[in-house]
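Source file upload_38.pdb; content: PDB, C-alpha atoms, pLDDT in the B column.
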ATOM      1  CA  MET A 139     -37.736 150.541 151.906  1.00 40.00           C
ATOM      2  CA  LYS A 140     -40.743 151.080 149.720  1.00 42.00           C
ATOM      3  CA  SER A 141     -43.976 149.262 150.520  1.00 44.00           C
ATOM      4  CA  LEU A 142     -44.863 147.325 147.394  1.00 49.00           C
ATOM      5  CA  VAL A 143     -48.195 146.010 146.196  1.00 53.00           C
ATOM      6  CA  THR A 144     -47.708 142.861 144.139  1.00 56.00           C
ATOM      7  CA  ARG A 145     -49.832 141.993 141.140  1.00 55.00           C
ATOM      8  CA  ARG A 146     -51.418 139.137 143.124  1.00 56.00           C
ATOM      9  CA  GLN A 147     -52.210 141.426 146.097  1.00 57.00           C
ATOM     10  CA  ALA A 148     -53.765 144.034 143.817  1.00 55.00           C
ATOM     11  CA  LEU A 149     -55.972 141.462 142.131  1.00 50.00           C
ATOM     12  CA  ALA A 150     -57.009 139.979 145.468  1.00 53.00           C
ATOM     13  CA  ALA A 151     -57.936 143.383 146.876  1.00 55.00           C
ATOM     14  CA  ALA A 152     -59.869 144.365 143.776  1.00 51.00           C
ATOM     15  CA  SER A 153     -61.721 141.039 143.739  1.00 48.00           C
ATOM     16  CA  ALA A 154     -62.647 141.369 147.407  1.00 52.00           C
ATOM     17  CA  LEU A 155     -64.126 144.790 146.787  1.00 50.00           C
ATOM     18  CA  ALA A 156     -66.019 143.585 143.752  1.00 45.00           C
ATOM     19  CA  LEU A 157     -67.685 140.841 145.792  1.00 42.00           C
ATOM     20  CA  ALA A 158     -68.279 142.853 148.988  1.00 46.00           C
ATOM     21  CA  PRO A 159     -71.921 143.485 149.949  1.00 43.00           C
ATOM     22  CA  LEU A 160     -73.304 147.008 149.970  1.00 42.00           C
ATOM     23  CA  THR A 161     -72.864 148.814 153.281  1.00 43.00           C
ATOM     24  CA  ALA A 162     -76.478 149.975 153.305  1.00 45.00           C
ATOM     25  CA  ASN A 163     -79.752 148.979 151.781  1.00 54.00           C
ATOM     26  CA  ALA A 164     -79.782 150.540 148.320  1.00 51.00           C
ATOM     27  CA  ALA A 165     -83.568 150.788 148.456  1.00 57.00           C
ATOM     28  CA  GLU A 166     -83.264 153.197 151.391  1.00 81.00           C
ATOM     29  CA  GLN A 167     -80.706 155.456 149.701  1.00 89.00           C
ATOM     30  CA  GLU A 168     -81.513 158.482 147.606  1.00 94.00           C
ATOM     31  CA  GLN A 169     -81.048 157.959 143.885  1.00 97.00           C
ATOM     32  CA  VAL A 170     -78.715 160.522 142.320  1.00 98.00           C
ATOM     33  CA  GLY A 171     -77.654 161.319 138.785  1.00 98.00           C
ATOM     34  CA  MET A 172     -73.972 160.845 139.543  1.00 98.00           C
ATOM     35  CA  GLN A 173     -71.607 159.845 142.348  1.00 98.00           C
ATOM     36  CA  LEU A 174     -68.366 161.824 142.016  1.00 98.00           C
ATOM     37  CA  ILE A 175     -65.213 161.456 144.103  1.00 98.00           C
ATOM     38  CA  LEU A 176     -62.599 164.196 143.806  1.00 98.00           C
ATOM     39  CA  ALA A 177     -59.310 162.525 144.758  1.00 98.00           C
ATOM     40  CA  ALA A 178     -56.420 164.961 145.250  1.00 97.00           C
ATOM     41  CA  ASP A 179     -52.722 164.217 145.663  1.00 97.00           C
ATOM     42  CA  VAL A 180     -51.235 165.534 148.938  1.00 97.00           C
ATOM     43  CA  SER A 181     -47.931 163.641 148.758  1.00 96.00           C
ATOM     44  CA  GLY A 182     -44.525 165.075 149.604  1.00 94.00           C
ATOM     45  CA  SER A 183     -44.033 166.747 146.216  1.00 93.00           C
ATOM     46  CA  VAL A 184     -47.103 168.911 146.883  1.00 94.00           C
ATOM     47  CA  ASN A 185     -45.622 171.651 149.067  1.00 92.00           C
ATOM     48  CA  ALA A 186     -47.695 174.162 151.009  1.00 93.00           C
ATOM     49  CA  THR A 187     -47.886 176.638 148.113  1.00 92.00           C
ATOM     50  CA  ARG A 188     -48.857 173.952 145.601  1.00 92.00           C
ATOM     51  CA  TYR A 189     -51.437 172.540 147.986  1.00 94.00           C
ATOM     52  CA  ARG A 190     -53.091 175.918 148.470  1.00 94.00           C
ATOM     53  CA  THR A 191     -53.083 176.580 144.717  1.00 92.00           C
ATOM     54  CA  GLN A 192     -54.640 173.167 144.127  1.00 93.00           C
ATOM     55  CA  GLN A 193     -57.336 173.640 146.781  1.00 95.00           C
ATOM     56  CA  ASP A 194     -58.153 177.155 145.582  1.00 95.00           C
ATOM     57  CA  GLY A 195     -58.499 175.734 142.083  1.00 94.00           C
ATOM     58  CA  TYR A 196     -61.064 173.189 143.257  1.00 96.00           C
ATOM     59  CA  LEU A 197     -62.976 175.835 145.230  1.00 97.00           C
ATOM     60  CA  GLU A 198     -63.121 178.312 142.352  1.00 96.00           C
ATOM     61  CA  ALA A 199     -64.004 175.719 139.726  1.00 96.00           C
ATOM     62  CA  LEU A 200     -66.808 174.266 141.842  1.00 97.00           C
ATOM     63  CA  GLY A 201     -68.172 177.763 142.340  1.00 97.00           C
ATOM     64  CA  ASP A 202     -68.498 178.355 138.602  1.00 97.00           C
ATOM     65  CA  SER A 203     -72.149 178.631 137.541  1.00 96.00           C
ATOM     66  CA  ARG A 204     -71.507 176.356 134.560  1.00 97.00           C
ATOM     67  CA  VAL A 205     -70.908 173.425 136.913  1.00 98.00           C
ATOM     68  CA  LEU A 206     -74.376 173.888 138.405  1.00 97.00           C
ATOM     69  CA  ASN A 207     -75.808 174.063 134.901  1.00 97.00           C
ATOM     70  CA  VAL A 208     -74.477 170.612 133.989  1.00 98.00           C
ATOM     71  CA  ILE A 209     -75.605 169.191 137.359  1.00 98.00           C
ATOM     72  CA  ARG A 210     -79.149 170.298 136.472  1.00 97.00           C
ATOM     73  CA  GLU A 211     -78.914 168.145 133.346  1.00 97.00           C
ATOM     74  CA  LEU A 212     -78.336 164.950 135.357  1.00 97.00           C
ATOM     75  CA  ASP A 213     -81.202 162.485 135.761  1.00 96.00           C
ATOM     76  CA  PRO A 214     -82.208 163.013 138.502  1.00 97.00           C
ATOM     77  CA  PRO A 215     -80.580 166.495 138.725  1.00 98.00           C
ATOM     78  CA  VAL A 216     -78.651 165.696 141.892  1.00 98.00           C
ATOM     79  CA  LEU A 217     -74.891 165.200 142.329  1.00 98.00           C
ATOM     80  CA  ALA A 218     -73.432 163.179 145.207  1.00 98.00           C
ATOM     81  CA  ILE A 219     -69.897 164.441 145.765  1.00 98.00           C
ATOM     82  CA  SER A 220     -67.041 163.675 148.143  1.00 98.00           C
ATOM     83  CA  PHE A 221     -63.448 164.935 148.447  1.00 98.00           C
ATOM     84  CA  ILE A 222     -60.621 162.543 149.294  1.00 98.00           C
ATOM     85  CA  ALA A 223     -56.947 163.304 149.847  1.00 98.00           C
ATOM     86  CA  TRP A 224     -54.385 160.630 149.068  1.00 98.00           C
ATOM     87  CA  ALA A 225     -50.663 160.001 149.342  1.00 97.00           C
ATOM     88  CA  ARG A 226     -49.297 156.879 151.072  1.00 97.00           C
ATOM     89  CA  GLU A 227     -52.664 156.585 152.842  1.00 98.00           C
ATOM     90  CA  GLN A 228     -56.049 158.234 152.237  1.00 98.00           C
ATOM     91  CA  ASP A 229     -58.328 160.603 154.131  1.00 98.00           C
ATOM     92  CA  VAL A 230     -61.935 161.716 153.561  1.00 98.00           C
ATOM     93  CA  MET A 231     -61.701 165.498 153.776  1.00 98.00           C
ATOM     94  CA  VAL A 232     -65.363 166.052 152.852  1.00 98.00           C
ATOM     95  CA  PRO A 233     -67.821 163.138 153.194  1.00 98.00           C
ATOM     96  CA  TRP A 234     -70.611 162.535 150.719  1.00 98.00           C
ATOM     97  CA  MET A 235     -72.857 165.541 150.255  1.00 98.00           C
ATOM     98  CA  ARG A 236     -75.938 166.170 148.115  1.00 98.00           C
ATOM     99  CA  VAL A 237     -75.464 169.045 145.643  1.00 98.00           C
ATOM    100  CA  HIS A 238     -78.293 170.319 143.464  1.00 97.00           C
ATOM    101  CA  ASP A 239     -78.197 174.140 143.702  1.00 97.00           C
ATOM    102  CA  ALA A 240     -75.962 177.081 144.634  1.00 97.00           C
ATOM    103  CA  GLN A 241     -76.680 176.768 148.355  1.00 98.00           C
ATOM    104  CA  THR A 242     -75.738 173.097 148.581  1.00 98.00           C
ATOM    105  CA  MET A 243     -72.666 173.657 146.411  1.00 98.00           C
ATOM    106  CA  ASP A 244     -71.544 176.487 148.716  1.00 98.00           C
ATOM    107  CA  ALA A 245     -72.004 174.154 151.690  1.00 98.00           C
ATOM    108  CA  PHE A 246     -69.687 171.613 150.047  1.00 98.00           C
ATOM    109  CA  ARG A 247     -67.133 174.271 149.152  1.00 98.00           C
ATOM    110  CA  ASN A 248     -67.140 175.646 152.691  1.00 98.00           C
ATOM    111  CA  ARG A 249     -66.528 172.177 154.117  1.00 98.00           C
ATOM    112  CA  LEU A 250     -63.589 171.767 151.749  1.00 98.00           C
ATOM    113  CA  LYS A 251     -62.228 175.252 152.472  1.00 97.00           C
ATOM    114  CA  ASN A 252     -62.257 174.657 156.227  1.00 97.00           C
ATOM    115  CA  ALA A 253     -60.806 171.149 156.119  1.00 97.00           C
ATOM    116  CA  GLU A 254     -57.203 170.813 157.268  1.00 96.00           C
ATOM    117  CA  ARG A 255     -54.622 169.140 155.081  1.00 97.00           C
ATOM    118  CA  PRO A 256     -54.236 165.556 156.297  1.00 97.00           C
ATOM    119  CA  ARG A 257     -50.785 164.193 157.095  1.00 96.00           C
ATOM    120  CA  ILE A 258     -50.979 160.838 155.365  1.00 97.00           C
ATOM    121  CA  GLY A 259     -47.447 160.259 154.088  1.00 95.00           C
ATOM    122  CA  ILE A 260     -45.143 161.469 151.341  1.00 95.00           C
ATOM    123  CA  ASN A 261     -45.511 158.615 148.832  1.00 95.00           C
ATOM    124  CA  THR A 262     -47.662 158.607 145.697  1.00 96.00           C
ATOM    125  CA  PHE A 263     -49.735 155.431 145.838  1.00 97.00           C
ATOM    126  CA  ILE A 264     -52.369 155.819 143.125  1.00 98.00           C
ATOM    127  CA  SER A 265     -53.529 152.189 143.177  1.00 97.00           C
ATOM    128  CA  LYS A 266     -54.267 152.336 146.915  1.00 97.00           C
ATOM    129  CA  ALA A 267     -56.156 155.588 146.375  1.00 98.00           C
ATOM    130  CA  LEU A 268     -58.318 153.984 143.683  1.00 98.00           C
ATOM    131  CA  LEU A 269     -59.145 151.008 145.907  1.00 98.00           C
ATOM    132  CA  PHE A 270     -60.066 153.346 148.765  1.00 98.00           C
ATOM    133  CA  CYS A 271     -62.305 155.414 146.488  1.00 98.00           C
ATOM    134  CA  ASP A 272     -64.020 152.308 145.121  1.00 98.00           C
ATOM    135  CA  ALA A 273     -65.062 151.337 148.647  1.00 98.00           C
ATOM    136  CA  GLN A 274     -66.806 154.704 149.161  1.00 98.00           C
ATOM    137  CA  PHE A 275     -69.475 154.300 146.479  1.00 98.00           C
ATOM    138  CA  ASP A 276     -73.082 153.421 147.380  1.00 97.00           C
ATOM    139  CA  ARG A 277     -72.580 154.241 151.060  1.00 94.00           C
ATOM    140  CA  GLU A 278     -74.804 157.309 151.267  1.00 94.00           C
ATOM    141  CA  PHE A 279     -76.388 157.472 147.807  1.00 97.00           C
ATOM    142  CA  SER A 280     -77.060 155.074 144.965  1.00 96.00           C
ATOM    143  CA  GLY A 281     -77.556 155.101 141.241  1.00 94.00           C
ATOM    144  CA  GLY A 282     -76.059 157.264 138.553  1.00 96.00           C
ATOM    145  CA  ARG A 283     -72.611 157.151 137.074  1.00 96.00           C
ATOM    146  CA  LYS A 284     -69.732 156.423 139.464  1.00 98.00           C
ATOM    147  CA  VAL A 285     -66.704 158.577 138.716  1.00 98.00           C
ATOM    148  CA  ILE A 286     -63.299 158.908 140.389  1.00 98.00           C
ATOM    149  CA  ASP A 287     -61.583 162.170 139.482  1.00 97.00           C
ATOM    150  CA  VAL A 288     -57.857 161.708 140.215  1.00 97.00           C
ATOM    151  CA  SER A 289     -55.453 164.649 140.256  1.00 96.00           C
ATOM    152  CA  GLY A 290     -51.751 164.303 140.978  1.00 95.00           C
ATOM    153  CA  ASP A 291     -48.224 165.358 140.072  1.00 94.00           C
ATOM    154  CA  GLY A 292     -46.428 162.003 140.006  1.00 94.00           C
ATOM    155  CA  ASP A 293     -46.525 158.350 139.020  1.00 96.00           C
ATOM    156  CA  ASP A 294     -47.321 155.450 141.345  1.00 95.00           C
ATOM    157  CA  ASN A 295     -44.272 154.729 143.519  1.00 93.00           C
ATOM    158  CA  GLN A 296     -45.272 151.040 143.614  1.00 91.00           C
ATOM    159  CA  GLY A 297     -45.020 150.504 139.850  1.00 89.00           C
ATOM    160  CA  ILE A 298     -47.546 150.103 137.057  1.00 91.00           C
ATOM    161  CA  ALA A 299     -48.473 146.395 137.265  1.00 88.00           C
ATOM    162  CA  GLY A 300     -50.630 146.659 140.383  1.00 93.00           C
ATOM    163  CA  LEU A 301     -51.987 150.021 139.275  1.00 96.00           C
ATOM    164  CA  ARG A 302     -53.226 148.695 135.942  1.00 95.00           C
ATOM    165  CA  ASP A 303     -54.783 145.637 137.599  1.00 96.00           C
ATOM    166  CA  VAL A 304     -56.733 147.847 140.013  1.00 97.00           C
ATOM    167  CA  ARG A 305     -57.728 150.247 137.232  1.00 98.00           C
ATOM    168  CA  ASP A 306     -58.992 147.394 135.060  1.00 97.00           C
ATOM    169  CA  ALA A 307     -60.929 145.789 137.938  1.00 97.00           C
ATOM    170  CA  LEU A 308     -62.742 149.043 138.704  1.00 98.00           C
ATOM    171  CA  VAL A 309     -63.538 149.665 135.046  1.00 98.00           C
ATOM    172  CA  ARG A 310     -65.061 146.189 134.793  1.00 97.00           C
ATOM    173  CA  LYS A 311     -67.426 147.211 137.613  1.00 97.00           C
ATOM    174  CA  GLY A 312     -68.589 150.183 135.549  1.00 97.00           C
ATOM    175  CA  ILE A 313     -66.580 152.855 137.374  1.00 98.00           C
ATOM    176  CA  VAL A 314     -65.101 155.682 135.303  1.00 98.00           C
ATOM    177  CA  ILE A 315     -61.654 156.984 136.263  1.00 98.00           C
ATOM    178  CA  ASN A 316     -60.752 160.428 134.968  1.00 98.00           C
ATOM    179  CA  GLY A 317     -57.332 162.000 135.307  1.00 97.00           C
ATOM    180  CA  LEU A 318     -55.893 165.435 135.911  1.00 96.00           C
ATOM    181  CA  PRO A 319     -52.100 165.086 135.768  1.00 96.00           C
ATOM    182  CA  ILE A 320     -50.244 168.213 136.882  1.00 95.00           C
ATOM    183  CA  ILE A 321     -47.282 168.721 134.544  1.00 93.00           C
ATOM    184  CA  VAL A 322     -44.331 170.344 136.302  1.00 90.00           C
ATOM    185  CA  LYS A 323     -41.735 171.694 133.881  1.00 84.00           C
ATOM    186  CA  PRO A 324     -38.249 173.166 134.478  1.00 81.00           C
ATOM    187  CA  PRO A 325     -37.161 175.361 136.123  1.00 84.00           C
ATOM    188  CA  GLU A 326     -39.915 174.390 138.559  1.00 86.00           C
ATOM    189  CA  PRO A 327     -38.457 171.566 140.698  1.00 87.00           C
ATOM    190  CA  ILE A 328     -40.185 168.305 141.569  1.00 88.00           C
ATOM    191  CA  PHE A 329     -38.967 165.168 143.319  1.00 87.00           C
ATOM    192  CA  PRO A 330     -39.166 162.383 142.450  1.00 87.00           C
ATOM    193  CA  PRO A 331     -39.034 163.322 138.762  1.00 90.00           C
ATOM    194  CA  GLN A 332     -42.104 162.815 136.641  1.00 93.00           C
ATOM    195  CA  PRO A 333     -42.028 159.858 134.199  1.00 93.00           C
ATOM    196  CA  PRO A 334     -39.929 160.465 131.064  1.00 92.00           C
ATOM    197  CA  GLU A 335     -42.843 159.833 128.694  1.00 93.00           C
ATOM    198  CA  GLY A 336     -44.767 162.652 130.361  1.00 94.00           C
ATOM    199  CA  LEU A 337     -47.250 162.408 133.217  1.00 96.00           C
ATOM    200  CA  ASP A 338     -50.179 162.980 130.849  1.00 96.00           C
ATOM    201  CA  VAL A 339     -49.126 159.950 128.765  1.00 96.00           C
ATOM    202  CA  TYR A 340     -48.614 157.923 131.958  1.00 97.00           C
ATOM    203  CA  TYR A 341     -52.132 158.722 133.170  1.00 97.00           C
ATOM    204  CA  ARG A 342     -53.648 157.798 129.808  1.00 97.00           C
ATOM    205  CA  ARG A 343     -51.792 154.474 129.727  1.00 96.00           C
ATOM    206  CA  HIS A 344     -52.074 153.335 133.321  1.00 97.00           C
ATOM    207  CA  VAL A 345     -54.599 155.368 135.375  1.00 98.00           C
ATOM    208  CA  VAL A 346     -57.740 156.431 133.500  1.00 98.00           C
ATOM    209  CA  GLY A 347     -60.398 154.157 132.076  1.00 98.00           C
ATOM    210  CA  GLY A 348     -64.089 153.452 131.665  1.00 97.00           C
ATOM    211  CA  ASP A 349     -66.792 154.646 129.291  1.00 96.00           C
ATOM    212  CA  GLY A 350     -66.220 158.247 128.246  1.00 94.00           C
ATOM    213  CA  HIS A 351     -63.184 158.750 130.474  1.00 96.00           C
ATOM    214  CA  VAL A 352     -61.214 161.964 130.073  1.00 96.00           C
ATOM    215  CA  THR A 353     -57.728 163.228 130.850  1.00 96.00           C
ATOM    216  CA  ILE A 354     -57.135 166.961 131.134  1.00 96.00           C
ATOM    217  CA  GLU A 355     -53.592 167.968 132.009  1.00 95.00           C
ATOM    218  CA  SER A 356     -52.718 171.068 134.008  1.00 94.00           C
ATOM    219  CA  ILE A 357     -49.485 172.747 132.927  1.00 92.00           C
ATOM    220  CA  GLY A 358     -48.162 173.555 136.372  1.00 90.00           C
ATOM    221  CA  PHE A 359     -50.268 174.219 139.451  1.00 89.00           C
ATOM    222  CA  ASP A 360     -51.218 177.750 138.381  1.00 86.00           C
ATOM    223  CA  ASN A 361     -53.325 176.357 135.525  1.00 89.00           C
ATOM    224  CA  PHE A 362     -55.143 173.965 137.846  1.00 92.00           C
ATOM    225  CA  LYS A 363     -58.382 175.947 138.186  1.00 93.00           C
ATOM    226  CA  GLN A 364     -59.015 176.053 134.440  1.00 94.00           C
ATOM    227  CA  ALA A 365     -58.077 172.388 134.043  1.00 95.00           C
ATOM    228  CA  ILE A 366     -60.366 171.152 136.827  1.00 95.00           C
ATOM    229  CA  LEU A 367     -63.230 173.333 135.578  1.00 96.00           C
ATOM    230  CA  GLN A 368     -62.881 171.901 132.075  1.00 96.00           C
ATOM    231  CA  LYS A 369     -62.829 168.368 133.437  1.00 95.00           C
ATOM    232  CA  LEU A 370     -65.823 168.897 135.734  1.00 96.00           C
ATOM    233  CA  LEU A 371     -67.896 170.173 132.819  1.00 97.00           C
ATOM    234  CA  LEU A 372     -66.915 167.205 130.678  1.00 95.00           C
ATOM    235  CA  GLU A 373     -67.368 164.468 133.269  1.00 94.00           C
ATOM    236  CA  ILE A 374     -70.663 165.732 134.738  1.00 95.00           C
ATOM    237  CA  GLY A 375     -72.161 166.897 131.462  1.00 88.00           C
TER     238      GLY A 375
END
Output the structure of this file as structure tokens.
Amino acid sequence: MKSLVTRRQALAAASALALAPLTANAAEQEQVGMQLILAADVSGSVNATRYRTQQDGYLEALGDSRVLNVIRELDPPVLAISFIAWAREQDVMVPWMRVHDAQTMDAFRNRLKNAERPRIGINTFISKALLFCDAQFDREFSGGRKVIDVSGDGDDNQGIAGLRDVRDALVRKGIVINGLPIIVKPPEPIFPPQPPEGLDVYYRRHVVGGDGHVTIESIGFDNFKQAILQKLLLEIG
């Protein structure tokens, strides 16, 4: 039996997070130009080959010199970045790190490269992932834009009502949610099937939001590197 999040539960959880006190004194935290969470789908539809392709795409895109160029344009020119895996549950694969040059970016990439894939279920629970990500902001750094970068290959197994409530609550707090839906087309198999309207349309309707939000679809996993690079340049720049 599926575990369902009702509309009332989603609103209650989002409201609790909105009213929760900061976990640390903001005055003691370093001010950054942006707080960015990369949230990657590791549910059952993401097999070992797809997972490796996805992770390699993140590693290569983050190593592109153009990403560092747009980080230098932040005010201040410092990016706080974390990597979170999600499925039925969530796991912090790389905790918050300060990135401002090639050396610090390589340190982040090495942490991600050496992190093991977490075993956190086979379901695709996007709303729970968004709530988890929301609770991570302002823990280590403060200031700047707060962005959740969600990539995935399926819709929320719990339905759209709770998902849209969570999305809207986070947007009201000033958080930007960007999307990278991975479009899997025949003969490539995927189960459960992607939504009939197209996963890119689904993300635009129910997942992304906030000022200047973007959705960049990846046609299959092999195009993931180019898609994530394009999105990183748009959302940081």
CA of Met231 (chain A) sits from CA of Glu254 (chain A) at a separation of 7.8 Å
Using the chain letters and numbers from this file, what does the PyMOL selection byres ((chain A and resi 197-206) around 9) select? Give the answer as a PyMOL selection string.
chain A and resi 192-196+207-211+237-240+243-244+247-248+250-251+363-368+370-371+374-375
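Put simply, CA of Gly347 (chain A) is 11.0 Å away from CA of Asp287 (chain A).
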Do you know which residues the PyMOL selection byres ((chain A and resi 175) around 6) returns on this file, as a ChimeraX atom specification?
/A:174,176,219-221,286-287
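Minimum atom-to-atom distances from A:Gly281, A:Arg257, A:Arg226, A:Val232 to Ala245 (chain A) were compared using all atoms listed in the file, and the lowest value belongs to A:Val232.
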Just checking: using all atoms listed in the file, which residue out of A:Gly358, A:Pro324, A:Pro233, A:Gly350 ends up closest to Asp291 (chain A)?
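Using all atoms listed in the file, Asp291 (chain A) sits closest to A:Gly358.
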Looking at all atoms listed in the file, which of A:Gln274, A:Gln173, A:Ser356, A:Asn185 is the one that sits closest to Asp338 (chain A)?
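Selected residue with least distance to Asp338 (chain A): A:Ser356.
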Taking (-46.0, 162.8, 138.6) in the file's coordinates, which residues come within 10 Å, counting only C-alpha atoms, written as JSON, numbers by chain?
{"A": [179, 183, 262, 289, 290, 291, 292, 293, 294, 295, 319, 320, 321, 322, 328, 329, 330, 331, 332, 333, 334, 336, 337, 338, 340, 341]}
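Ranking A:Lys323, A:Lys311, A:Arg188, A:His351 by their shortest atom-to-atom distance to Phe275 (chain A), with all atoms listed in the file included, puts A:Lys311 first.
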Can you tell me how far CA of Ile298 (chain A) sits from CA of Gly182 (chain A), in Å to one decimal?
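Computed distance, CA of Ile298 (chain A) to CA of Gly182 (chain A), equals 19.8 Å.
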Test item: axis-aligned box, all listed atoms of region 200-215 of chain A, 4 Å on each side, centre and edges in Å rounded to one decimal, as lines of an AutoDock Vina configuration file:
center_x = -74.5
center_y = 170.6
center_z = 137.8
size_x = 23.4
size_y = 24.1
size_z = 17.0
Run the PyMOL selection byres ((chain A and resi 265-270) around 10) on the file and write out the hits as a ChimeraX atom specification.
/A:143,148,151-152,155,177-179,222-230,262-264,271-275,286-288,294-305,307-308,315,345
Taking all atoms listed in the file into account, name the residue in A:Val170, A:Leu212, A:Ala253, A:Val184 that is nearest to Ser280 (chain A).
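Ranking A:Val170, A:Leu212, A:Ala253, A:Val184 by distance to Ser280 (chain A), first place goes to A:Val170.
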Nearest-residue call for Glu168 (chain A), choices A:Gly348, A:Pro256, A:Gly282, A:Pro325, using all atoms listed in the file
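Among A:Gly348, A:Pro256, A:Gly282, A:Pro325, it is A:Gly282 that comes nearest to Glu168 (chain A).
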Please supply region 249-255 of chain A, rebuilt with all heavy atoms, as a CSV table (one decimal), in the frame of the given file.
chain,number,residue,atom,x,y,z
A,249,ARG,N,-67.1,173.3,153.4
A,249,ARG,CA,-66.5,172.2,154.1
A,249,ARG,C,-65.1,171.9,153.6
A,249,ARG,O,-64.2,171.6,154.4
A,249,ARG,CB,-67.4,170.9,153.9
A,249,ARG,CG,-68.7,170.9,154.6
A,249,ARG,CD,-68.5,170.6,156.1
A,249,ARG,NE,-68.0,169.3,156.4
A,249,ARG,CZ,-68.8,168.2,156.5
A,249,ARG,NH1,-70.1,168.3,156.4
A,249,ARG,NH2,-68.2,167.0,156.8
A,250,LEU,N,-64.9,172.0,152.3
A,250,LEU,CA,-63.6,171.8,151.7
A,250,LEU,C,-62.6,172.9,152.2
A,250,LEU,O,-61.5,172.6,152.5
A,250,LEU,CB,-63.7,171.7,150.2
A,250,LEU,CG,-62.4,171.5,149.5
A,250,LEU,CD1,-61.6,170.2,149.9
A,250,LEU,CD2,-62.6,171.4,148.0
A,251,LYS,N,-63.1,174.1,152.1
A,251,LYS,CA,-62.2,175.3,152.5
A,251,LYS,C,-61.7,175.2,153.9
A,251,LYS,O,-60.6,175.5,154.2
A,251,LYS,CB,-63.0,176.6,152.3
A,251,LYS,CG,-62.2,177.8,152.6
A,251,LYS,CD,-63.0,179.1,152.3
A,251,LYS,CE,-62.2,180.3,152.6
A,251,LYS,NZ,-63.0,181.5,152.3
A,252,ASN,N,-62.6,174.7,154.8
A,252,ASN,CA,-62.3,174.7,156.2
A,252,ASN,C,-61.6,173.4,156.7
A,252,ASN,O,-61.2,173.3,157.8
A,252,ASN,CB,-63.5,174.9,157.1
A,252,ASN,CG,-64.1,176.3,156.9
A,252,ASN,OD1,-63.4,177.2,156.7
A,252,ASN,ND2,-65.4,176.4,156.9
A,253,ALA,N,-61.4,172.4,155.8
A,253,ALA,CA,-60.8,171.1,156.1
A,253,ALA,C,-59.3,171.3,156.2
A,253,ALA,O,-58.7,172.0,155.3
A,253,ALA,CB,-61.2,170.1,155.1
A,254,GLU,N,-58.7,170.7,157.2
A,254,GLU,CA,-57.2,170.8,157.3
A,254,GLU,C,-56.5,169.8,156.4
A,254,GLU,O,-57.1,168.7,156.2
A,254,GLU,CB,-56.8,170.6,158.7
A,254,GLU,CG,-57.2,171.7,159.7
A,254,GLU,CD,-56.6,171.5,161.1
A,254,GLU,OE1,-55.8,170.6,161.2
A,254,GLU,OE2,-57.0,172.3,162.0
A,255,ARG,N,-55.4,170.1,155.9
A,255,ARG,CA,-54.6,169.1,155.1
A,255,ARG,C,-54.2,167.9,155.9
A,255,ARG,O,-53.6,168.1,157.0
A,255,ARG,CB,-53.4,169.8,154.5
A,255,ARG,CG,-52.5,168.8,153.7
A,255,ARG,CD,-51.3,169.5,153.1
A,255,ARG,NE,-50.5,168.6,152.3
A,255,ARG,CZ,-49.5,168.9,151.5
A,255,ARG,NH1,-49.2,170.2,151.4
A,255,ARG,NH2,-48.8,168.0,150.9
